Each structure stands twice: as structure tokens, then as C-alpha cells.
file final33.pdb (PDB, C-alpha atoms)
ATOM      1  CA  MET B  22     128.055 100.177 128.733  1.00  0.00           C
ATOM      2  CA  PHE B  23     129.380  96.592 128.667  1.00  0.00           C
ATOM      3  CA  LEU B  24     132.921  97.726 127.868  1.00  0.00           C
ATOM      4  CA  LEU B  25     132.770 100.361 130.594  1.00  0.00           C
ATOM      5  CA  ILE B  26     131.788  97.775 133.198  1.00  0.00           C
ATOM      6  CA  LEU B  27     134.465  95.347 131.989  1.00  0.00           C
ATOM      7  CA  GLY B  28     137.131  98.017 131.858  1.00  0.00           C
ATOM      8  CA  VAL B  29     136.513  99.320 135.355  1.00  0.00           C
ATOM      9  CA  GLY B  30     136.390  95.763 136.694  1.00  0.00           C
ATOM     10  CA  LYS B  31     139.648  94.718 135.039  1.00  0.00           C
ATOM     11  CA  THR B  32     141.400  97.886 136.188  1.00  0.00           C
ATOM     12  CA  CYS B  33     140.270  97.313 139.775  1.00  0.00           C
ATOM     13  CA  TRP B  34     141.235  93.636 139.630  1.00  0.00           C
ATOM     14  CA  GLY B  35     144.738  94.612 138.504  1.00  0.00           C
ATOM     15  CA  ALA B  36     145.009  97.257 141.207  1.00  0.00           C
ATOM     16  CA  SER B  37     144.132  94.628 143.811  1.00  0.00           C
ATOM     17  CA  PHE B  38     147.197  92.616 142.751  1.00  0.00           C
ATOM     18  CA  ILE B  39     149.378  95.649 143.436  1.00  0.00           C
ATOM     19  CA  VAL B  40     147.771  96.675 146.723  1.00  0.00           C
ATOM     20  CA  ASP B  41     147.500  93.187 148.233  1.00  0.00           C
ATOM     21  CA  PRO B  42     148.975  90.474 145.973  1.00  0.00           C
ATOM     22  CA  PRO B  43     147.457  87.029 146.513  1.00  0.00           C
ATOM     23  CA  GLU B  44     149.370  83.776 146.728  1.00  0.00           C
ATOM     24  CA  PRO B  45     150.322  82.734 143.179  1.00  0.00           C
ATOM     25  CA  PHE B  46     148.735  79.267 143.344  1.00  0.00           C
ATOM     26  CA  GLY B  47     148.618  77.863 139.816  1.00  0.00           C
ATOM     27  CA  LEU B  48     150.281  80.883 138.252  1.00  0.00           C
ATOM     28  CA  GLN B  49     153.853  79.553 138.186  1.00  0.00           C
ATOM     29  CA  LEU B  50     153.999  80.072 134.431  1.00  0.00           C
ATOM     30  CA  LEU B  51     153.486  83.803 135.018  1.00  0.00           C
ATOM     31  CA  THR B  52     155.629  84.151 138.122  1.00  0.00           C
ATOM     32  CA  TYR B  53     158.494  82.413 136.319  1.00  0.00           C
ATOM     33  CA  PHE B  54     158.857  85.596 134.255  1.00  0.00           C
ATOM     34  CA  CYS B  55     157.985  88.216 136.892  1.00  0.00           C
ATOM     35  CA  GLY B  56     155.913  88.757 140.027  1.00  0.00           C
ATOM     36  CA  LEU B  57     152.144  89.111 140.168  1.00  0.00           C
ATOM     37  CA  GLN B  58     152.504  92.804 140.941  1.00  0.00           C
ATOM     38  CA  HIS B  59     154.078  93.209 137.494  1.00  0.00           C
ATOM     39  CA  TRP B  60     151.384  91.065 135.858  1.00  0.00           C
ATOM     40  CA  ALA B  61     148.828  93.335 137.512  1.00  0.00           C
ATOM     41  CA  TRP B  62     149.756  95.967 134.966  1.00  0.00           C
ATOM     42  CA  LEU B  63     148.431  93.715 132.193  1.00  0.00           C
ATOM     43  CA  TRP B  64     144.993  93.880 133.849  1.00  0.00           C
ATOM     44  CA  ILE B  65     145.278  97.615 134.472  1.00  0.00           C
ATOM     45  CA  VAL B  66     146.439  98.600 130.977  1.00  0.00           C
ATOM     46  CA  CYS B  67     143.908  96.333 129.271  1.00  0.00           C
ATOM     47  CA  GLY B  68     141.212  97.557 131.648  1.00  0.00           C
ATOM     48  CA  LEU B  69     141.962 101.182 130.834  1.00  0.00           C
ATOM     49  CA  ALA B  70     141.983 100.431 127.092  1.00  0.00           C
ATOM     50  CA  THR B  71     138.639  98.672 127.470  1.00  0.00           C
ATOM     51  CA  THR B  72     137.230 101.606 129.451  1.00  0.00           C
ATOM     52  CA  VAL B  73     138.362 104.157 126.863  1.00  0.00           C
ATOM     53  CA  SER B  74     136.892 102.018 124.064  1.00  0.00           C
ATOM     54  CA  ALA B  75     133.510 102.192 125.770  1.00  0.00           C
ATOM     55  CA  PHE B  76     133.305 105.839 124.712  1.00  0.00           C
ATOM     56  CA  LEU B  77     134.080 105.182 121.056  1.00  0.00           C
ATOM     57  CA  ARG B  78     131.411 104.837 118.404  1.00  0.00           C
ATOM     58  CA  ILE B  79     129.993 101.409 117.747  1.00  0.00           C
ATOM     59  CA  GLY B  80     132.224  99.619 115.306  1.00  0.00           C
ATOM     60  CA  ARG B  81     135.297 101.489 116.470  1.00  0.00           C
ATOM     61  CA  ASP B  82     135.147  99.940 119.920  1.00  0.00           C
ATOM     62  CA  ARG B  83     136.402  96.515 118.808  1.00  0.00           C
ATOM     63  CA  TRP B  84     139.861  97.144 120.284  1.00  0.00           C
ATOM     64  CA  GLY B  85     138.180  97.319 123.676  1.00  0.00           C
ATOM     65  CA  PHE B  86     136.896  93.788 123.202  1.00  0.00           C
ATOM     66  CA  TYR B  87     140.371  92.621 122.156  1.00  0.00           C
ATOM     67  CA  ALA B  88     141.928  94.301 125.175  1.00  0.00           C
ATOM     68  CA  ALA B  89     139.315  92.762 127.454  1.00  0.00           C
ATOM     69  CA  LEU B  90     140.175  89.277 126.165  1.00  0.00           C
ATOM     70  CA  VAL B  91     143.906  89.411 126.868  1.00  0.00           C
ATOM     71  CA  PRO B  92     144.170  89.167 130.692  1.00  0.00           C
ATOM     72  CA  PRO B  93     141.648  86.343 131.265  1.00  0.00           C
ATOM     73  CA  THR B  94     143.133  84.403 128.352  1.00  0.00           C
ATOM     74  CA  VAL B  95     146.637  84.736 129.806  1.00  0.00           C
ATOM     75  CA  TRP B  96     145.380  83.665 133.232  1.00  0.00           C
ATOM     76  CA  ALA B  97     143.509  80.670 131.759  1.00  0.00           C
ATOM     77  CA  VAL B  98     146.638  79.528 129.908  1.00  0.00           C
ATOM     78  CA  ALA B  99     148.682  79.870 133.095  1.00  0.00           C
ATOM     79  CA  TYR B 100     146.192  77.795 135.082  1.00  0.00           C
ATOM     80  CA  LEU B 101     146.089  75.138 132.346  1.00  0.00           C
ATOM     81  CA  ALA B 102     149.887  75.023 132.430  1.00  0.00           C
ATOM     82  CA  GLY B 103     149.658  74.490 136.187  1.00  0.00           C
ATOM     83  CA  VAL B 104     147.383  71.502 135.597  1.00  0.00           C
ATOM     84  CA  ILE B 105     149.636  70.018 132.909  1.00  0.00           C
ATOM     85  CA  THR B 106     152.783  70.362 135.033  1.00  0.00           C
ATOM     86  CA  GLY B 107     150.994  68.992 138.090  1.00  0.00           C
ATOM     87  CA  ASP B 108     151.591  72.141 140.136  1.00  0.00           C
ATOM     88  CA  TYR B 109     147.910  73.049 140.587  1.00  0.00           C
ATOM     89  CA  SER B 110     145.226  70.414 139.968  1.00  0.00           C
ATOM     90  CA  ARG B 111     142.436  72.902 140.766  1.00  0.00           C
ATOM     91  CA  GLY B 112     143.683  75.034 137.868  1.00  0.00           C
ATOM     92  CA  LEU B 113     141.537  73.135 135.376  1.00  0.00           C
ATOM     93  CA  TRP B 114     138.361  74.454 136.989  1.00  0.00           C
ATOM     94  CA  VAL B 115     139.726  77.970 137.346  1.00  0.00           C
ATOM     95  CA  ALA B 116     140.812  77.954 133.682  1.00  0.00           C
ATOM     96  CA  ILE B 117     137.349  76.792 132.601  1.00  0.00           C
ATOM     97  CA  TRP B 118     135.829  79.553 134.720  1.00  0.00           C
ATOM     98  CA  TYR B 119     138.029  82.201 133.038  1.00  0.00           C
ATOM     99  CA  LEU B 120     137.332  80.768 129.578  1.00  0.00           C
ATOM    100  CA  THR B 121     133.552  80.726 130.067  1.00  0.00           C
ATOM    101  CA  SER B 122     132.631  83.598 132.370  1.00  0.00           C
ATOM    102  CA  HIS B 123     135.236  85.958 130.963  1.00  0.00           C
ATOM    103  CA  VAL B 124     136.484  85.008 127.507  1.00  0.00           C
ATOM    104  CA  GLY B 125     133.217  83.414 126.387  1.00  0.00           C
ATOM    105  CA  VAL B 126     131.033  86.271 127.593  1.00  0.00           C
ATOM    106  CA  ILE B 127     133.310  88.883 126.003  1.00  0.00           C
ATOM    107  CA  MET B 128     133.312  87.019 122.686  1.00  0.00           C
ATOM    108  CA  TRP B 129     129.521  86.696 122.828  1.00  0.00           C
ATOM    109  CA  ALA B 130     129.045  90.390 123.661  1.00  0.00           C
ATOM    110  CA  ALA B 131     131.323  91.373 120.786  1.00  0.00           C
ATOM    111  CA  THR B 132     128.949  89.679 118.346  1.00  0.00           C
ATOM    112  CA  VAL B 133     125.666  91.036 119.702  1.00  0.00           C
ATOM    113  CA  PRO B 134     124.194  93.404 117.104  1.00  0.00           C
ATOM    114  CA  GLU B 135     123.597  96.926 118.245  1.00  0.00           C
ATOM    115  CA  TYR B 136     120.047  97.141 116.880  1.00  0.00           C
ATOM    116  CA  SER B 137     118.674  98.771 119.985  1.00  0.00           C
ATOM    117  CA  VAL B 138     121.123 101.652 119.835  1.00  0.00           C
ATOM    118  CA  PRO B 139     119.571 104.588 117.983  1.00  0.00           C
ATOM    119  CA  PRO B 140     121.695 106.159 115.263  1.00  0.00           C
ATOM    120  CA  VAL B 141     123.455 109.423 115.985  1.00  0.00           C
ATOM    121  CA  PRO B 142     121.121 112.225 114.855  1.00  0.00           C
ATOM    122  CA  ARG B 143     122.411 114.261 111.949  1.00  0.00           C
ATOM    123  CA  ARG B 144     121.812 117.959 111.730  1.00  0.00           C
ATOM    124  CA  ALA B 145     120.062 119.051 108.560  1.00  0.00           C
ATOM    125  CA  ARG B 146     122.267 120.959 106.163  1.00  0.00           C
ATOM    126  CA  ARG B 147     121.110 124.148 104.485  1.00  0.00           C
ATOM    127  CA  GLY B 148     118.821 123.448 101.603  1.00  0.00           C
ATOM    128  CA  GLU B 149     117.726 120.039 102.980  1.00  0.00           C
ATOM    129  CA  GLY B 150     114.160 119.796 104.117  1.00  0.00           C
ATOM    130  CA  ALA B 151     112.304 122.592 105.784  1.00  0.00           C
TER     131      ALA B 151
END
call {"tool": "encode", "arguments": {"input": "final33.pdb", "output": "C-alpha cells"}}
result
Amino acid sequence: MFLLILGVGKTCWGASFIVDPPEPFGLQLLTYFCGLQHWAWLWIVCGLATTVSAFLRIGRDRWGFYAALVPPTVWAVAYLAGVITGDYSRGLWVAIWYLTSHVGVIMWAATVPEYSVPPVPRRARRGEGA
């Protein structure tokens, strides 16, 4: 369920950059290479990969966690670069926010054991039990 929520959220966040791109304050590192509408596809593709991974069996869903980590990590690095270059002093706080509320939470959720999830029931084969 966690990956589904993350995936839908990341996909929508990326779509918002295409529909109504915000001002690129603090994201000069990204916009040096291409516009925010192009970077939106990073959020969308990673969001879709995260969403699809939500439907995989536990243990096989790890790629969803990796995909979920990419966009907020890229954004945090861009904001930190904005702080270092002096282009966006507020970027330090935004980077910390991405690193804690996004990257940190995803990394924590990836390590939470799935004890509460019941195992997939197996059908009895012929000759096993009555």
C-alpha cells in the first residue's frame, strides 16, 4: 500500500510540472540541462515504476523503493547546489525537507519487516492431507 501511495503521488507531482510548471527557484542545476517540464518525466516514470512495484510480491518490490528514492534525491541535490552556489539560500531547508520527509521515510519503510502480512495460501496438492 505504501508504494502505491508513493507512486500515485510522485506521478501526480510530475504531471503538475507539465500542466503548470512552477518557477525554478533553487533548481538551476536541473534547468541548466533542460526545463522543468522535461524533469517532470523523472517524477512520472519513477512514480509509475513505484506504482507497478506495489503490486509485486513482497521482496520483489524493492525496485519500487529504489525508483521512489530517485526524484527526491535529485531535487535535494539540486537545492543543495543552489545553496552552495549562492543562488537559493532557502534551498538548504528544502533539501533537508526532501531528505527527511521523502528519502528518509522511503528508506525507513523499505526496512520495515512485513510480519503483519499473511503468507499467500497454498493449495494442497493431491496426496497431501485430507
call {"tool": "residues_near_point", "arguments": {"input": "final33.pdb", "point": "(147.5, 79.9, 138.0)", "cutoff": "10 Å", "atoms": "all atoms listed in the file", "output": "JSON, numbers by chain"}}
result
{"B": [44, 45, 46, 47, 48, 49, 50, 51, 52, 95, 96, 97, 98, 99, 100, 101, 102, 103, 104, 108, 109, 110, 111, 112, 113, 115, 116]}
call {"tool": "closest_residue", "arguments": {"input": "final33.pdb", "among": "B:Ile65, B:Cys55, B:Met128, B:Leu24", "to": "Phe38 in chain B", "atoms": "all atoms listed in the file"}}
result
B:Ile65
call {"tool": "atom_distance", "arguments": {"input": "final33.pdb", "atom1": "CA of Tyr53 in chain B", "atom2": "CA of Trp84 in chain B"}}
result
28.7 Å
call {"tool": "residues_around", "arguments": {"input": "final33.pdb", "residues": "Val66 in chain B", "least_positions_apart": "5", "cutoff": "10 Å", "atoms": "only C-alpha atoms", "output": "JSON, numbers by chain"}}
result
{"B": [28, 31, 32, 35, 61, 71, 72, 88, 89, 92]}
call {"tool": "residues_around", "arguments": {"input": "final33.pdb", "residues": "Ala131 in chain B", "least_positions_apart": "5", "cutoff": "9 Å", "atoms": "all atoms listed in the file", "output": "PyMOL selection string"}}
result
chain B and resi 83+86+126
call {"tool": "atom_distance", "arguments": {"input": "final33.pdb", "atom1": "CA of Arg146 in chain B", "atom2": "CA of Ala75 in chain B"}}
result
29.4 Å
call {"tool": "closest_residue", "arguments": {"input": "final33.pdb", "among": "B:Ala130, B:Val73, B:Val124, B:Ile39", "to": "Gln58 in chain B", "atoms": "all atoms listed in the file"}}
result
B:Ile39
call {"tool": "atom_distance", "arguments": {"input": "final33.pdb", "atom1": "CA of Asp41 in chain B", "atom2": "CA of Leu57 in chain B"}}
result
10.2 Å
call {"tool": "closest_residue", "arguments": {"input": "final33.pdb", "among": "B:Thr132, B:Ser122, B:Ser37, B:Thr106", "to": "Trp60 in chain B", "atoms": "all atoms listed in the file"}}
result
B:Ser37
call {"tool": "axis_aligned_box", "arguments": {"input": "final33.pdb", "around": "range 107-112 of chain B", "padding_each_side": "6 Å", "output": "AutoDock Vina command-line options"}}
result
--center_x 147.0 --center_y 72.0 --center_z 139.3 --size_x 21.2 --size_y 18.0 --size_z 14.9
call {"tool": "residues_around", "arguments": {"input": "final33.pdb", "residues": "Leu120 in chain B", "least_positions_apart": "5", "cutoff": "8 Å", "atoms": "only C-alpha atoms", "output": "NGL selection string"}}
result
:B and (93-94 or 97 or 125)
call {"tool": "residues_around", "arguments": {"input": "final33.pdb", "residues": "Val29 in chain B", "least_positions_apart": "3", "cutoff": "8 Å", "atoms": "all atoms listed in the file", "output": "PyMOL selection string"}}
result
chain B and resi 25-26+32-33+68-69+72
call {"tool": "write_last_selection", "arguments": {"input": "final33.pdb", "atoms": "C-alpha atoms", "output": "short mmCIF file (atom, residue, chain, number, x, y, z; two decimals), in the frame of the given file"}}
result
data_model
loop_
_atom_site.label_atom_id
_atom_site.label_comp_id
_atom_site.auth_asym_id
_atom_site.auth_seq_id
_atom_site.Cartn_x
_atom_site.Cartn_y
_atom_site.Cartn_z
CA LEU B 25 132.77 100.36 130.59
CA ILE B 26 131.79 97.78 133.20
CA THR B 32 141.40 97.89 136.19
CA CYS B 33 140.27 97.31 139.78
CA GLY B 68 141.21 97.56 131.65
CA LEU B 69 141.96 101.18 130.83
CA THR B 72 137.23 101.61 129.45
#
call {"tool": "closest_residue", "arguments": {"input": "final33.pdb", "among": "B:Trp129, B:Phe23, B:Trp114, B:Trp62", "to": "Ile79 in chain B", "atoms": "all atoms listed in the file"}}
result
B:Phe23
call {"tool": "closest_residue", "arguments": {"input": "final33.pdb", "among": "B:Leu90, B:Gly85, B:Ala36, B:Pro42", "to": "Tyr119 in chain B", "atoms": "all atoms listed in the file"}}
result
B:Leu90
call {"tool": "build_atoms", "arguments": {"input": "final33.pdb", "residues": "range 28-39 of chain B", "atoms": "all heavy atoms", "output": "mmCIF file, in the frame of the given file"}}
result
data_model
loop_
_atom_site.group_PDB
_atom_site.id
_atom_site.type_symbol
_atom_site.label_atom_id
_atom_site.label_comp_id
_atom_site.auth_asym_id
_atom_site.auth_seq_id
_atom_site.Cartn_x
_atom_site.Cartn_y
_atom_site.Cartn_z
ATOM 1 N N GLY B 28 135.897 97.253 131.689
ATOM 2 C CA GLY B 28 137.131 98.017 131.858
ATOM 3 C C GLY B 28 137.389 98.423 133.296
ATOM 4 O O GLY B 28 138.504 98.266 133.808
ATOM 5 N N VAL B 29 136.360 98.920 133.951
ATOM 6 C CA VAL B 29 136.513 99.320 135.355
ATOM 7 C C VAL B 29 136.827 98.086 136.211
ATOM 8 O O VAL B 29 137.712 98.121 137.072
ATOM 9 C CB VAL B 29 135.247 100.048 135.857
ATOM 10 C CG1 VAL B 29 135.287 100.238 137.366
ATOM 11 C CG2 VAL B 29 135.100 101.389 135.148
ATOM 12 N N GLY B 30 136.150 96.992 135.939
ATOM 13 C CA GLY B 30 136.390 95.763 136.694
ATOM 14 C C GLY B 30 137.804 95.241 136.525
ATOM 15 O O GLY B 30 138.470 94.870 137.505
ATOM 16 N N LYS B 31 138.292 95.208 135.300
ATOM 17 C CA LYS B 31 139.648 94.718 135.039
ATOM 18 C C LYS B 31 140.695 95.639 135.664
ATOM 19 O O LYS B 31 141.700 95.175 136.214
ATOM 20 C CB LYS B 31 139.887 94.560 133.541
ATOM 21 C CG LYS B 31 139.123 93.378 132.982
ATOM 22 C CD LYS B 31 139.306 93.215 131.508
ATOM 23 C CE LYS B 31 138.418 92.127 130.968
ATOM 24 N NZ LYS B 31 138.339 90.912 131.739
ATOM 25 N N THR B 32 140.468 96.938 135.587
ATOM 26 C CA THR B 32 141.400 97.886 136.188
ATOM 27 C C THR B 32 141.458 97.689 137.706
ATOM 28 O O THR B 32 142.550 97.653 138.294
ATOM 29 C CB THR B 32 140.994 99.332 135.843
ATOM 30 O OG1 THR B 32 140.934 99.453 134.417
ATOM 31 C CG2 THR B 32 141.980 100.333 136.400
ATOM 32 N N CYS B 33 140.314 97.532 138.323
ATOM 33 C CA CYS B 33 140.270 97.313 139.775
ATOM 34 C C CYS B 33 140.903 95.981 140.160
ATOM 35 O O CYS B 33 141.607 95.883 141.167
ATOM 36 C CB CYS B 33 138.831 97.375 140.279
ATOM 37 S SG CYS B 33 138.135 99.025 140.225
ATOM 38 N N TRP B 34 140.653 94.957 139.358
ATOM 39 C CA TRP B 34 141.235 93.636 139.630
ATOM 40 C C TRP B 34 142.762 93.734 139.590
ATOM 41 O O TRP B 34 143.449 93.196 140.457
ATOM 42 C CB TRP B 34 140.718 92.616 138.620
ATOM 43 C CG TRP B 34 141.166 91.210 138.857
ATOM 44 C CD1 TRP B 34 142.015 90.479 138.087
ATOM 45 C CD2 TRP B 34 140.767 90.350 139.922
ATOM 46 N NE1 TRP B 34 142.177 89.230 138.605
ATOM 47 C CE2 TRP B 34 141.411 89.121 139.737
ATOM 48 C CE3 TRP B 34 139.928 90.505 141.018
ATOM 49 C CZ2 TRP B 34 141.255 88.044 140.602
ATOM 50 C CZ3 TRP B 34 139.774 89.432 141.879
ATOM 51 C CH2 TRP B 34 140.425 88.221 141.669
ATOM 52 N N GLY B 35 143.291 94.421 138.591
ATOM 53 C CA GLY B 35 144.738 94.612 138.504
ATOM 54 C C GLY B 35 145.280 95.403 139.679
ATOM 55 O O GLY B 35 146.328 95.072 140.240
ATOM 56 N N ALA B 36 144.577 96.452 140.060
ATOM 57 C CA ALA B 36 145.009 97.257 141.207
ATOM 58 C C ALA B 36 145.049 96.421 142.482
ATOM 59 O O ALA B 36 145.944 96.605 143.317
ATOM 60 C CB ALA B 36 144.085 98.457 141.379
ATOM 61 N N SER B 37 144.139 95.479 142.614
ATOM 62 C CA SER B 37 144.132 94.628 143.811
ATOM 63 C C SER B 37 145.387 93.771 143.897
ATOM 64 O O SER B 37 145.862 93.463 144.989
ATOM 65 C CB SER B 37 142.881 93.750 143.842
ATOM 66 O OG SER B 37 143.001 92.644 142.961
ATOM 67 N N PHE B 38 145.959 93.392 142.758
ATOM 68 C CA PHE B 38 147.197 92.616 142.751
ATOM 69 C C PHE B 38 148.388 93.458 143.198
ATOM 70 O O PHE B 38 149.376 92.932 143.697
ATOM 71 C CB PHE B 38 147.478 92.049 141.352
ATOM 72 C CG PHE B 38 146.713 90.798 141.049
ATOM 73 C CD1 PHE B 38 145.453 90.865 140.484
ATOM 74 C CD2 PHE B 38 147.244 89.554 141.325
ATOM 75 C CE1 PHE B 38 144.735 89.730 140.198
ATOM 76 C CE2 PHE B 38 146.542 88.399 141.045
ATOM 77 C CZ PHE B 38 145.279 88.485 140.479
ATOM 78 N N ILE B 39 148.299 94.769 142.998
ATOM 79 C CA ILE B 39 149.378 95.649 143.436
ATOM 80 C C ILE B 39 149.235 95.970 144.917
ATOM 81 O O ILE B 39 150.196 95.920 145.681
ATOM 82 C CB ILE B 39 149.386 96.947 142.593
ATOM 83 C CG1 ILE B 39 149.798 96.604 141.159
ATOM 84 C CG2 ILE B 39 150.322 97.992 143.199
ATOM 85 C CD1 ILE B 39 149.704 97.752 140.192
#
